[in-house]
$ cat coords-v7.tsv   # TSV, C-alpha atoms
chain	number	residue	atom	x	y	z
A	742	MET	CA	129.87	-33.34	-3.46
A	743	LEU	CA	129.25	-32.93	0.26
A	744	GLN	CA	127.51	-35.96	1.70
A	745	TYR	CA	125.35	-34.08	4.18
A	746	ILE	CA	124.00	-31.81	1.44
A	747	ASP	CA	122.84	-34.84	-0.55
A	748	THR	CA	121.52	-37.06	2.22
A	749	GLN	CA	120.46	-34.44	4.79
A	750	LYS	CA	122.45	-36.28	7.45
A	751	LYS	CA	122.81	-33.33	9.75
A	752	GLU	CA	125.05	-35.20	12.15
A	753	LEU	CA	127.77	-34.80	9.48
A	754	CYS	CA	127.93	-30.99	9.63
A	755	CYS	CA	129.16	-28.67	12.40
A	756	GLY	CA	128.31	-25.44	10.52
A	757	CYS	CA	131.88	-24.11	10.57
A	758	ARG	CA	131.60	-22.55	7.07
A	759	ALA	CA	134.95	-23.95	5.87
A	760	CYS	CA	133.28	-25.39	2.75
A	761	GLU	CA	131.52	-22.12	1.96
A	762	GLN	CA	134.67	-20.02	2.40
A	763	ILE	CA	136.92	-22.32	0.34
A	764	CYS	CA	134.60	-22.33	-2.68
A	765	HIS	CA	136.12	-20.01	-5.33
A	766	VAL	CA	132.90	-19.86	-7.38
A	767	HIS	CA	130.58	-19.20	-4.41
A	768	ALA	CA	128.50	-22.29	-5.12
A	769	ILE	CA	127.85	-22.90	-1.42
A	770	ILE	CA	125.80	-20.71	0.88
A	771	MET	CA	124.80	-21.30	4.49
A	772	LYS	CA	121.13	-21.26	5.50
A	773	GLU	CA	119.36	-21.80	8.83
A	774	ASP	CA	117.24	-24.91	9.12
A	775	GLU	CA	113.99	-25.20	11.07
A	776	GLU	CA	115.93	-25.52	14.36
A	777	GLY	CA	118.04	-22.43	13.71
A	778	PHE	CA	121.32	-24.18	12.84
A	779	LEU	CA	123.36	-23.25	9.75
A	780	TYR	CA	123.87	-25.83	6.98
A	781	PRO	CA	125.48	-25.56	3.52
A	782	HIS	CA	123.37	-25.47	0.37
A	783	LEU	CA	125.00	-26.24	-2.96
A	784	ASN	CA	124.16	-24.55	-6.28
A	785	MET	CA	124.94	-27.25	-8.84
A	786	ASN	CA	124.76	-24.71	-11.67
A	787	LEU	CA	127.85	-23.01	-10.23
A	788	CYS	CA	129.70	-26.05	-8.86
A	789	THR	CA	132.85	-27.05	-10.79
A	790	GLN	CA	133.25	-30.41	-8.97
A	791	CYS	CA	136.71	-29.37	-7.70
A	792	GLY	CA	136.20	-31.27	-4.43
A	793	LEU	CA	137.73	-28.61	-2.18
A	794	CYS	CA	134.62	-28.47	-0.02
A	795	GLU	CA	135.00	-32.15	0.83
A	796	LYS	CA	138.71	-31.81	1.58
A	797	VAL	CA	138.23	-29.02	4.13
A	798	CYS	CA	135.27	-30.55	5.99
A	799	PRO	CA	136.37	-31.22	9.60
A	800	ILE	CA	133.58	-33.75	10.20
A	801	SER	CA	133.50	-35.97	7.10
A	802	GLU	CA	137.32	-36.05	7.19
A	803	PRO	CA	138.34	-35.31	10.81
A	804	ILE	CA	141.73	-33.74	11.29
A	805	PRO	CA	144.31	-36.25	12.62
A	806	VAL	CA	145.72	-35.17	15.97
A	807	SER	CA	148.90	-36.38	17.59
A	808	SER	CA	150.50	-34.39	20.37
A	809	GLU	CA	153.93	-32.92	19.61
A	810	ILE	CA	154.83	-33.38	23.27
A	811	ALA	CA	155.27	-36.93	24.54
A	812	ASN	CA	153.23	-36.25	27.66
A	813	MET	CA	150.46	-33.66	27.58
A	814	GLN	CA	151.07	-30.87	30.08
A	815	VAL	CA	148.04	-30.15	32.27
A	816	TYR	CA	147.67	-27.30	34.76
A	817	ALA	CA	145.24	-25.57	37.03
A	818	ALA	CA	146.03	-21.96	36.17
A	819	MET	CA	145.05	-18.39	36.92
A	820	THR	CA	146.36	-14.97	36.11
A	821	ARG	CA	147.99	-13.05	38.94
A	822	ASP	CA	146.11	-9.96	37.78
A	823	VAL	CA	143.15	-9.95	40.17
A	824	GLU	CA	141.19	-7.35	38.17
A	825	LEU	CA	141.64	-9.40	35.01
A	826	ARG	CA	140.28	-12.48	36.75
A	827	LYS	CA	137.18	-10.54	37.73
A	828	LYS	CA	136.52	-9.77	34.06
A	829	SER	CA	137.04	-13.37	32.96
A	830	SER	CA	134.78	-16.42	33.18
A	831	SER	CA	137.46	-18.59	34.80
A	832	GLY	CA	141.15	-18.02	35.45
A	833	GLY	CA	141.90	-15.36	32.82
A	834	LEU	CA	144.15	-17.45	30.56
A	835	PHE	CA	142.40	-16.37	27.36
A	836	SER	CA	143.07	-12.72	28.19
A	837	GLU	CA	146.73	-13.36	28.97
A	838	ILE	CA	147.30	-15.17	25.66
A	839	ALA	CA	145.37	-12.50	23.78
A	840	SER	CA	147.57	-9.79	25.31
A	841	VAL	CA	150.69	-11.52	23.99
A	842	ILE	CA	149.29	-11.46	20.45
A	843	LEU	CA	147.98	-7.89	20.69
A	844	HIS	CA	151.37	-6.73	21.99
A	845	VAL	CA	152.91	-7.68	18.62
A	846	GLU	CA	150.05	-5.95	16.74
A	847	GLY	CA	148.29	-9.18	15.89
A	848	GLY	CA	144.60	-10.06	15.80
A	849	VAL	CA	142.50	-12.02	18.27
A	850	TYR	CA	139.37	-13.87	17.13
A	851	GLY	CA	136.56	-15.15	19.31
A	852	ALA	CA	132.80	-15.07	19.88
A	853	ALA	CA	130.94	-11.82	20.61
A	854	PHE	CA	127.32	-10.68	20.57
A	855	ASP	CA	126.35	-8.03	18.06
A	856	ARG	CA	123.71	-5.37	18.76
A	857	GLU	CA	120.89	-7.79	17.90
A	858	PHE	CA	122.40	-10.45	20.21
A	859	ARG	CA	123.49	-12.68	17.37
A	860	LEU	CA	126.65	-14.51	18.39
A	861	LYS	CA	129.39	-14.12	15.80
A	862	HIS	CA	133.12	-14.68	15.59
A	863	VAL	CA	134.92	-11.35	15.23
A	864	GLY	CA	138.48	-10.10	15.21
A	865	VAL	CA	139.79	-7.47	17.65
A	866	PHE	CA	143.08	-5.60	17.49
A	867	SER	CA	143.33	-3.69	20.77
A	868	GLU	CA	143.07	-4.37	24.50
A	869	LYS	CA	140.07	-2.03	24.66
A	870	GLU	CA	138.10	-4.29	22.28
A	871	LEU	CA	139.03	-7.49	24.11
A	872	ASP	CA	136.12	-7.24	26.57
A	873	ARG	CA	133.77	-8.24	23.75
A	874	LEU	CA	135.36	-11.69	23.56
A	875	ARG	CA	135.59	-12.46	27.26
A	876	GLY	CA	133.13	-14.71	29.02
A	877	SER	CA	131.31	-17.93	28.16
A	878	LYS	CA	128.50	-18.02	25.63
A	879	TYR	CA	126.27	-21.07	25.62
A	880	LEU	CA	125.20	-21.18	21.99
A	881	GLN	CA	126.82	-21.62	18.59
A	882	SER	CA	128.85	-18.74	17.18
A	883	ASP	CA	128.70	-17.96	13.47
A	884	THR	CA	132.26	-17.88	12.10
A	885	GLY	CA	131.17	-15.71	9.14
A	886	THR	CA	134.17	-14.92	6.93
A	887	THR	CA	136.75	-15.08	9.73
A	888	PHE	CA	138.64	-18.03	8.22
A	889	SER	CA	139.35	-15.94	5.12
A	890	GLN	CA	140.23	-12.92	7.27
A	891	VAL	CA	142.71	-14.99	9.28
A	892	ARG	CA	144.32	-16.37	6.13
A	893	ASP	CA	144.85	-12.84	4.79
A	894	LEU	CA	146.44	-11.68	8.05
A	895	LEU	CA	148.72	-14.72	8.23
A	896	ARG	CA	149.89	-14.17	4.66
A	897	GLN	CA	150.75	-10.59	5.61
A	898	GLY	CA	152.97	-11.92	8.40
A	899	LYS	CA	150.61	-10.86	11.19
A	900	SER	CA	150.18	-13.00	14.29
A	901	VAL	CA	146.69	-14.36	14.96
A	902	TYR	CA	145.08	-15.96	18.00
A	903	TYR	CA	141.88	-17.88	17.18
A	904	THR	CA	139.63	-19.40	19.85
A	905	GLY	CA	136.57	-21.53	19.35
A	906	THR	CA	134.98	-24.94	19.71
A	907	PRO	CA	137.20	-27.85	18.61
A	908	CYS	CA	135.28	-28.29	15.34
A	909	GLN	CA	135.76	-24.59	14.54
A	910	ILE	CA	139.51	-24.83	15.17
A	911	ALA	CA	139.64	-27.98	13.01
A	912	GLY	CA	137.63	-26.23	10.29
A	913	LEU	CA	140.04	-23.28	10.32
A	914	LYS	CA	143.10	-25.52	10.06
A	915	LYS	CA	141.62	-27.57	7.21
A	916	PHE	CA	140.60	-24.37	5.42
A	917	LEU	CA	144.14	-22.97	5.66
A	918	ARG	CA	145.60	-26.25	4.28
A	919	ARG	CA	149.04	-25.57	5.72
A	920	GLU	CA	150.74	-24.79	9.01
A	921	TYR	CA	151.46	-21.17	9.94
A	922	GLU	CA	153.96	-20.38	12.67
A	923	ASN	CA	152.20	-17.07	13.32
A	924	LEU	CA	148.87	-18.76	14.08
A	925	PHE	CA	148.04	-19.72	17.67
A	926	THR	CA	144.82	-21.55	18.54
A	927	SER	CA	142.85	-22.49	21.63
A	928	ASP	CA	140.05	-25.02	21.50
A	929	LEU	CA	137.46	-25.10	24.28
A	930	ALA	CA	136.14	-28.01	26.32
A	931	CYS	CA	132.80	-28.01	24.51
A	932	HIS	CA	129.57	-29.39	25.96
A	933	GLY	CA	127.74	-28.87	22.66
A	934	VAL	CA	126.08	-25.84	21.05
A	935	PRO	CA	122.42	-24.71	21.05
A	936	SER	CA	121.07	-22.70	18.13
A	937	GLN	CA	120.60	-18.97	17.79
A	938	LYS	CA	116.86	-19.62	17.40
A	939	ILE	CA	116.35	-21.09	20.85
A	940	PHE	CA	118.56	-18.42	22.41
A	941	PHE	CA	116.35	-15.71	20.85
A	942	ALA	CA	113.28	-17.50	22.21
A	943	TYR	CA	114.88	-17.52	25.66
A	944	LYS	CA	115.79	-13.83	25.37
A	945	ASP	CA	112.18	-12.94	24.43
A	946	TYR	CA	110.97	-15.00	27.39
A	947	LEU	CA	113.24	-13.08	29.79
A	948	GLU	CA	112.17	-9.70	28.41
A	949	HIS	CA	108.49	-10.58	28.77
A	950	LYS	CA	109.01	-12.05	32.24
A	951	ASN	CA	110.96	-9.02	33.50
A	952	VAL	CA	109.04	-6.37	31.51
A	953	GLY	CA	111.90	-4.65	29.74
A	954	ARG	CA	114.42	-4.73	26.92
A	955	ILE	CA	117.72	-6.57	27.45
A	956	SER	CA	120.76	-4.35	26.83
A	957	SER	CA	123.52	-6.77	27.92
A	958	PHE	CA	123.77	-10.49	28.55
A	959	ASN	CA	126.28	-12.35	30.73
A	960	PHE	CA	126.20	-16.14	30.90
A	961	ARG	CA	128.59	-16.39	33.80
A	962	ASP	CA	128.70	-14.76	37.23
A	963	LEU	CA	131.98	-15.22	39.07
A	964	ASP	CA	130.55	-14.44	42.50
A	965	GLY	CA	131.27	-17.95	43.71
A	966	TRP	CA	132.39	-19.15	40.25
A	967	GLY	CA	129.00	-20.58	39.46
A	968	PRO	CA	127.07	-20.59	36.18
A	969	ALA	CA	124.44	-17.87	36.55
A	970	ILE	CA	122.88	-15.71	33.85
A	971	ASN	CA	122.89	-11.97	34.56
A	972	ILE	CA	121.23	-9.45	32.26
A	973	ARG	CA	120.96	-5.69	32.14
A	974	LEU	CA	117.43	-4.66	31.42
A	975	GLU	CA	116.13	-1.29	30.23
A	976	ARG	CA	112.87	-0.66	32.04
A	977	ARG	CA	111.05	2.70	31.98
A	978	ASN	CA	114.26	4.60	31.17
A	979	LYS	CA	116.09	2.84	33.99
A	980	THR	CA	118.71	0.11	33.84
A	981	VAL	CA	118.26	-2.79	36.22
A	982	VAL	CA	120.30	-5.96	36.68
A	983	VAL	CA	118.34	-9.21	36.74
A	984	ALA	CA	119.74	-12.69	37.50
A	985	ASP	CA	118.21	-15.84	36.04
A	986	SER	CA	119.59	-17.71	39.05
A	987	TYR	CA	121.85	-20.74	39.14
A	988	TYR	CA	121.92	-23.98	37.21
A	989	LEU	CA	118.83	-25.64	38.67
A	990	PHE	CA	116.68	-22.50	38.55
A	991	SER	CA	117.44	-21.21	35.04
A	992	PRO	CA	115.47	-23.09	32.36
A	993	TYR	CA	118.05	-22.35	29.67
A	994	LEU	CA	121.03	-23.49	31.75
A	995	TYR	CA	119.15	-26.57	32.94
A	996	ALA	CA	118.34	-27.58	29.35
A	997	PHE	CA	121.84	-26.74	28.11
A	998	LEU	CA	123.73	-28.65	30.78
A	999	ASN	CA	121.47	-31.68	30.35
A	1000	GLY	CA	122.20	-31.71	26.60
A	1001	TYR	CA	118.65	-30.98	25.39
A	1002	LEU	CA	119.57	-28.22	22.92
A	1003	ASN	CA	122.69	-29.27	21.01
A	1004	ARG	CA	123.37	-29.37	17.31
A	1005	PRO	CA	122.95	-32.99	16.03
A	1006	VAL	CA	126.68	-33.48	15.33
A	1007	CYS	CA	127.59	-32.62	18.93
A	1008	TYR	CA	126.40	-36.02	20.15
A	1009	SER	CA	128.94	-37.81	17.96
A	1010	CYS	CA	131.67	-35.14	17.96
A	1011	PRO	CA	134.99	-36.56	16.68
A	1012	TYR	CA	136.91	-33.90	18.64
A	1013	ALA	CA	135.61	-34.72	22.14
A	1014	ARG	CA	138.74	-36.76	22.85
A	1015	SER	CA	142.08	-36.62	24.59
A	1016	GLY	CA	143.92	-35.68	21.38
A	1017	ARG	CA	143.12	-31.97	21.04
A	1018	VAL	CA	143.20	-29.73	17.97
A	1019	GLY	CA	144.26	-26.44	19.61
A	1020	ASP	CA	147.74	-25.48	20.73
A	1021	ILE	CA	146.23	-25.01	24.18
A	1022	THR	CA	142.85	-26.28	25.38
A	1023	LEU	CA	140.97	-23.96	27.72
A	1024	ALA	CA	138.32	-25.00	30.23
A	1025	ASP	CA	137.06	-24.41	33.74
A	1026	PHE	CA	138.79	-26.72	36.20
A	1027	TRP	CA	135.63	-28.15	37.72
A	1028	GLY	CA	136.46	-30.23	40.78
A	1029	VAL	CA	139.75	-28.42	41.31
A	1030	ARG	CA	139.27	-28.33	45.10
A	1031	ARG	CA	139.49	-32.10	45.14
A	1032	PHE	CA	143.14	-31.84	44.10
A	1033	PHE	CA	144.08	-28.40	45.45
A	1034	PRO	CA	141.98	-27.99	48.62
A	1035	SER	CA	143.76	-24.84	49.81
A	1036	LEU	CA	143.43	-23.01	46.49
A	1037	ASP	CA	141.35	-19.81	46.44
A	1038	VAL	CA	138.95	-20.45	43.57
A	1039	LYS	CA	136.33	-17.80	44.29
A	1040	LYS	CA	137.04	-15.92	41.07
A	1041	GLY	CA	137.64	-18.95	38.89
A	1042	VAL	CA	140.42	-21.33	37.91
A	1043	SER	CA	141.33	-22.30	34.36
A	1044	LEU	CA	142.16	-25.80	33.27
A	1045	ILE	CA	144.73	-25.75	30.49
A	1046	LEU	CA	146.00	-28.61	28.37
A	1047	VAL	CA	149.24	-27.80	26.57
A	1048	ASN	CA	149.02	-29.83	23.36
A	1049	THR	CA	151.85	-28.62	21.13
A	1050	GLU	CA	155.36	-27.21	21.28
A	1051	LYS	CA	153.89	-23.89	20.23
A	1052	GLY	CA	151.57	-24.07	23.23
A	1053	ARG	CA	154.46	-24.83	25.57
A	1054	LYS	CA	156.41	-21.81	24.33
A	1055	MET	CA	153.38	-19.56	24.75
A	1056	LEU	CA	152.96	-20.71	28.34
A	1057	GLU	CA	156.65	-20.08	29.06
A	1058	SER	CA	156.34	-16.53	27.72
A	1059	MET	CA	153.55	-15.80	30.22
A	1060	ASN	CA	155.09	-17.62	33.18
A	1061	ASN	CA	155.64	-14.47	35.27
A	1062	ASN	CA	151.97	-13.52	34.93
A	1063	LEU	CA	150.47	-16.87	35.97
A	1064	ASP	CA	150.05	-19.16	38.93
A	1065	LEU	CA	150.41	-22.71	37.60
A	1066	MET	CA	149.64	-25.92	39.51
A	1067	PRO	CA	150.68	-29.12	37.66
A	1068	SER	CA	147.94	-31.70	37.20
A	1069	CYS	CA	147.21	-34.59	34.82
A	1070	PHE	CA	144.63	-35.46	32.19
A	1071	GLU	CA	143.10	-38.23	34.32
A	1072	ASP	CA	142.29	-35.74	37.10
A	1073	ALA	CA	141.12	-33.05	34.69
A	1074	VAL	CA	138.62	-35.28	32.90
A	1075	LEU	CA	136.89	-36.49	36.09
A	1076	GLU	CA	134.51	-33.52	36.12
A	1077	ASN	CA	135.20	-32.32	32.58
A	1078	TRP	CA	133.52	-35.20	30.76
A	1079	ASN	CA	133.56	-33.49	27.36
A	1080	LEU	CA	137.36	-33.43	27.23
A	1081	ALA	CA	137.18	-37.10	26.29
A	1082	HIS	CA	133.53	-37.85	25.43
A	1083	PRO	CA	130.75	-36.15	23.48
A	1084	THR	CA	127.54	-35.31	25.33
A	1085	VAL	CA	125.09	-38.22	25.34
A	1086	ARG	CA	121.95	-37.44	23.34
A	1087	PRO	CA	118.95	-37.44	25.72
A	1088	PRO	CA	115.42	-38.43	24.60
A	1089	GLN	CA	114.26	-34.81	25.13
A	1090	ARG	CA	116.41	-33.69	22.17
A	1091	ASP	CA	114.02	-35.41	19.74
A	1092	THR	CA	111.14	-33.06	20.55
A	1093	VAL	CA	112.57	-29.88	22.07
A	1094	TYR	CA	112.76	-27.79	18.89
A	1095	VAL	CA	109.44	-29.16	17.62
A	1096	ASN	CA	107.79	-28.14	20.87
A	1097	LEU	CA	109.44	-24.73	20.72
A	1098	ASP	CA	107.54	-24.08	17.47
A	1099	LYS	CA	104.37	-25.76	18.67
A	1100	TYR	CA	104.16	-24.03	22.04
A	1101	SER	CA	106.64	-21.44	23.37
A	1102	PHE	CA	109.79	-21.13	25.43
A	1103	GLU	CA	107.63	-20.30	28.44
A	1104	HIS	CA	105.85	-23.64	28.01
A	1105	LEU	CA	109.19	-25.45	27.81
A	1106	ALA	CA	110.48	-23.60	30.87
A	1107	LYS	CA	107.49	-24.69	32.93
A	1108	ASN	CA	107.22	-28.26	31.68
A	1109	GLU	CA	110.50	-29.55	30.20
A	1110	PHE	CA	113.32	-27.29	31.40
A	1111	ARG	CA	112.41	-27.57	35.06
A	1112	CYS	CA	114.40	-29.43	37.68
A	1113	PRO	CA	112.50	-31.92	39.90
A	1114	HIS	CA	111.04	-30.19	42.95
A	1115	LYS	CA	112.87	-32.27	45.56
A	1116	LEU	CA	116.22	-31.58	43.93
A	1117	ARG	CA	115.48	-27.85	43.78
A	1118	ILE	CA	114.80	-27.76	47.52
A	1119	TYR	CA	117.97	-29.74	48.22
A	1120	ALA	CA	120.04	-27.42	46.02
A	1121	ARG	CA	118.72	-24.26	47.68
A	1122	ARG	CA	119.67	-25.61	51.10
A	1123	PHE	CA	123.09	-26.65	49.80
A	1124	ILE	CA	123.78	-23.22	48.31
A	1125	VAL	CA	122.74	-21.38	51.47
A	1126	ALA	CA	124.79	-23.71	53.68
A	1127	THR	CA	128.03	-23.84	51.66
A	1128	LEU	CA	128.03	-21.35	48.79
A	1129	ASP	CA	130.03	-24.08	47.01
A	1130	TYR	CA	128.76	-24.05	43.44
A	1131	LEU	CA	131.60	-26.25	42.15
A	1132	HIS	CA	130.66	-29.23	44.28
A	1133	LEU	CA	126.94	-28.59	43.76
A	1134	LYS	CA	127.35	-28.78	39.99
A	1135	GLU	CA	128.80	-32.29	40.06
A	1136	LEU	CA	126.33	-33.49	42.71
A	1137	ILE	CA	123.46	-32.34	40.50
A	1138	ARG	CA	124.86	-34.15	37.48
A	1139	GLN	CA	125.14	-37.37	39.43
A	1140	ILE	CA	121.61	-37.11	40.79
A	1141	VAL	CA	120.04	-36.19	37.45
A	1142	ARG	CA	121.72	-39.18	35.73
A	1143	ARG	CA	120.10	-41.66	38.15

$ encode --input "coords-v7.tsv" --output "structure tokens"
Amino acid sequence: MLQYIDTQKKELCCGCRACEQICHVHAIIMKEDEEGFLYPHLNMNLCTQCGLCEKVCPISEPIPVSSEIANMQVYAAMTRDVELRKKSSSGGLFSEIASVILHVEGGVYGAAFDREFRLKHVGVFSEKELDRLRGSKYLQSDTGTTFSQVRDLLRQGKSVYYTGTPCQIAGLKKFLRREYENLFTSDLACHGVPSQKIFFAYKDYLEHKNVGRISSFNFRDLDGWGPAINIRLERRNKTVVVADSYYLFSPYLYAFLNGYLNRPVCYSCPYARSGRVGDITLADFWGVRRFFPSLDVKKGVSLILVNTEKGRKMLESMNNNLDLMPSCFEDAVLENWNLAHPTVRPPQRDTVYVNLDKYSFEHLAKNEFRCPHKLRIYARRFIVATLDYLHLKELIRQIVRR
């Protein structure tokens, strides 16, 4: 029986759905808790005590990881396709890998918003559909039945590319219970995941603030490669674009990057470590100018960790499409803390979801998700003077930690 179902220890569940999808008698269903996170619920009348749910859990029994390559290969990377970089949230590596899989009529799985702005993992099978999966999304994606879909495709001999947080990749691998040569995976450098509930509260706040209905949502603006939320808003039969500004001036981004909103397990994540679960790890190469000062990073640079022989072969197959600059893990982790450490749980996490129910997102935005005034003034001057959002991001982190 699953420990976190019995004891309600929510730090033992990442919500990947592996246990639900492996159960042959459908004794497990996922339900949202009061914070909006999914957790498994067990029907003992249906349970046959087979133990499969325990065996596939990526948290109670973390997947052992040992690199197949003696020395991990680390690169700053970007696609040479300038238009593709403009569509991407960093250097376009996800799109290049996806194109390789789509070229052989395979499937690509990643996170996409549905019409109600619920974030779900979906499969796409053409370049035209790939836009849905591009870009960063700062909340947890529901994997739905995608593990079962991937298994069916793999058994048919189809190639599959699956991207997600490290715990989702680990959940998929444990669900499959064997290696597949036609499966390629990328795990992300994950800061932690907020719930769908608080994202909906934020969306309602933006619609009320801007007097309109949101029709599209973009968490990342690559004009300067800085984290800025841009939305398309339907207002009086007109479409307008509204920006929720940069890190310090967006309440959602401020709370997210300070770790206020994460799922409980994120603060003790067993996959925030140097041994990675994906064939290739994808991230933004924050701080890249420190090591490559002449590099043009205006439209984003990917950090990639090549973790397996399969990952190395994939990179070789795309070599003509990429600009690769060799680096090392020690340099990469300097401003990508979550490659080796889980986010530290701040005191604000204890009350943020309680206060969301008690008050409103607007109240949180004004009182808890607001950067100190002096730092806001400093940041505005820094942005105007340098337009260097990469260096600003790390400066802010250092100041906020003091």

$ atom_distance --input "coords-v7.tsv" --atom1 "atom CA of A:Lys750" --atom2 "atom CA of A:Pro1005"
9.2 Å

$ atom_distance --input "coords-v7.tsv" --atom1 "atom CA of A:His949" --atom2 "atom CA of A:Arg977"
13.9 Å

$ atom_distance --input "coords-v7.tsv" --atom1 "atom CA of A:Gly1028" --atom2 "atom CA of A:Leu1065"
16.2 Å

$ residues_near_point --input "coords-v7.tsv" --point "(118.1, -6.8, 37.9)" --cutoff "12 Å" --atoms "only C-alpha atoms" --output "short mmCIF file (atom, residue, chain, number, x, y, z; two decimals) with C-alpha atoms, in the coordinates of the input"
data_model
loop_
_atom_site.label_atom_id
_atom_site.label_comp_id
_atom_site.auth_asym_id
_atom_site.auth_seq_id
_atom_site.Cartn_x
_atom_site.Cartn_y
_atom_site.Cartn_z
CA LEU A 947 113.24 -13.08 29.79
CA GLU A 948 112.17 -9.70 28.41
CA LYS A 950 109.01 -12.05 32.24
CA ASN A 951 110.96 -9.02 33.50
CA VAL A 952 109.04 -6.37 31.51
CA GLY A 953 111.90 -4.65 29.74
CA ARG A 954 114.42 -4.73 26.92
CA ILE A 955 117.72 -6.57 27.45
CA SER A 956 120.76 -4.35 26.83
CA SER A 957 123.52 -6.77 27.92
CA PHE A 958 123.77 -10.49 28.55
CA ILE A 970 122.88 -15.71 33.85
CA ASN A 971 122.89 -11.97 34.56
CA ILE A 972 121.23 -9.45 32.26
CA ARG A 973 120.96 -5.69 32.14
CA LEU A 974 117.43 -4.66 31.42
CA GLU A 975 116.13 -1.29 30.23
CA ARG A 976 112.87 -0.66 32.04
CA LYS A 979 116.09 2.84 33.99
CA THR A 980 118.71 0.11 33.84
CA VAL A 981 118.26 -2.79 36.22
CA VAL A 982 120.30 -5.96 36.68
CA VAL A 983 118.34 -9.21 36.74
CA ALA A 984 119.74 -12.69 37.50
CA ASP A 985 118.21 -15.84 36.04
CA SER A 986 119.59 -17.71 39.05
#

$ residues_near_point --input "coords-v7.tsv" --point "(128.1, -22.0, 2.9)" --cutoff "9 Å" --atoms "all atoms listed in the file" --output "list in words"
Gly756, Cys757, Arg758, Ala759, Cys760, Glu761, Gln762, Cys764, His767, Ala768, Ile769, Ile770, Met771, Lys772, Leu779, Tyr780, Pro781, His782 and Leu783 of chain A

$ residues_around --input "coords-v7.tsv" --residues "stretch 1009-1013 of chain A" --least-positions-apart "4" --cutoff "7 Å" --atoms "all atoms listed in the file" --output "JSON, numbers by chain"
{"A": [803, 907, 908, 1017, 1079, 1080, 1081, 1082, 1083]}

$ axis_aligned_box --input "coords-v7.tsv" --around "stretch 1073-1087 of chain A" --padding-each-side "3 Å" --output "AutoDock Vina command-line options"
--center_x 130.0 --center_y -35.3 --center_z 29.7 --size_x 28.2 --size_y 11.9 --size_z 18.8

$ residues_around --input "coords-v7.tsv" --residues "A:Ala839" --least-positions-apart "4" --cutoff "9 Å" --atoms "all atoms listed in the file" --output "ChimeraX atom specification"
/A:834-835,843-844,848-849,868,871,902

$ closest_residue --input "coords-v7.tsv" --among "A:Asn1048, A:Thr887, A:Gln937, A:Asn1108" --to "A:Leu1002" --atoms "only C-alpha atoms"
A:Gln937

$ closest_residue --input "coords-v7.tsv" --among "A:Tyr921, A:Gly905, A:Met1066, A:Ser1101" --to "A:Ser1035" --atoms "all atoms listed in the file"
A:Met1066

$ residues_around --input "coords-v7.tsv" --residues "A:Leu1046" --least-positions-apart "5" --cutoff "10 Å" --atoms "all atoms listed in the file" --output "number ranges by chain"
A: 813-817, 927-928, 1015, 1017, 1019-1024, 1052-1053, 1068-1070, 1073, 1080

$ residues_around --input "coords-v7.tsv" --residues "A:Ser900" --least-positions-apart "6" --cutoff "8 Å" --atoms "all atoms listed in the file" --output "JSON, numbers by chain"
{"A": [842, 845, 846, 847, 848, 894, 923, 924, 925]}

$ closest_residue --input "coords-v7.tsv" --among "A:Thr904, A:Gln909, A:Asn1003, A:Gln897" --to "A:Cys798" --atoms "only C-alpha atoms"
A:Gln909

$ closest_residue --input "coords-v7.tsv" --among "A:Thr926, A:Asp1098, A:Pro935, A:Tyr946" --to "A:Lys1051" --atoms "only C-alpha atoms"
A:Thr926
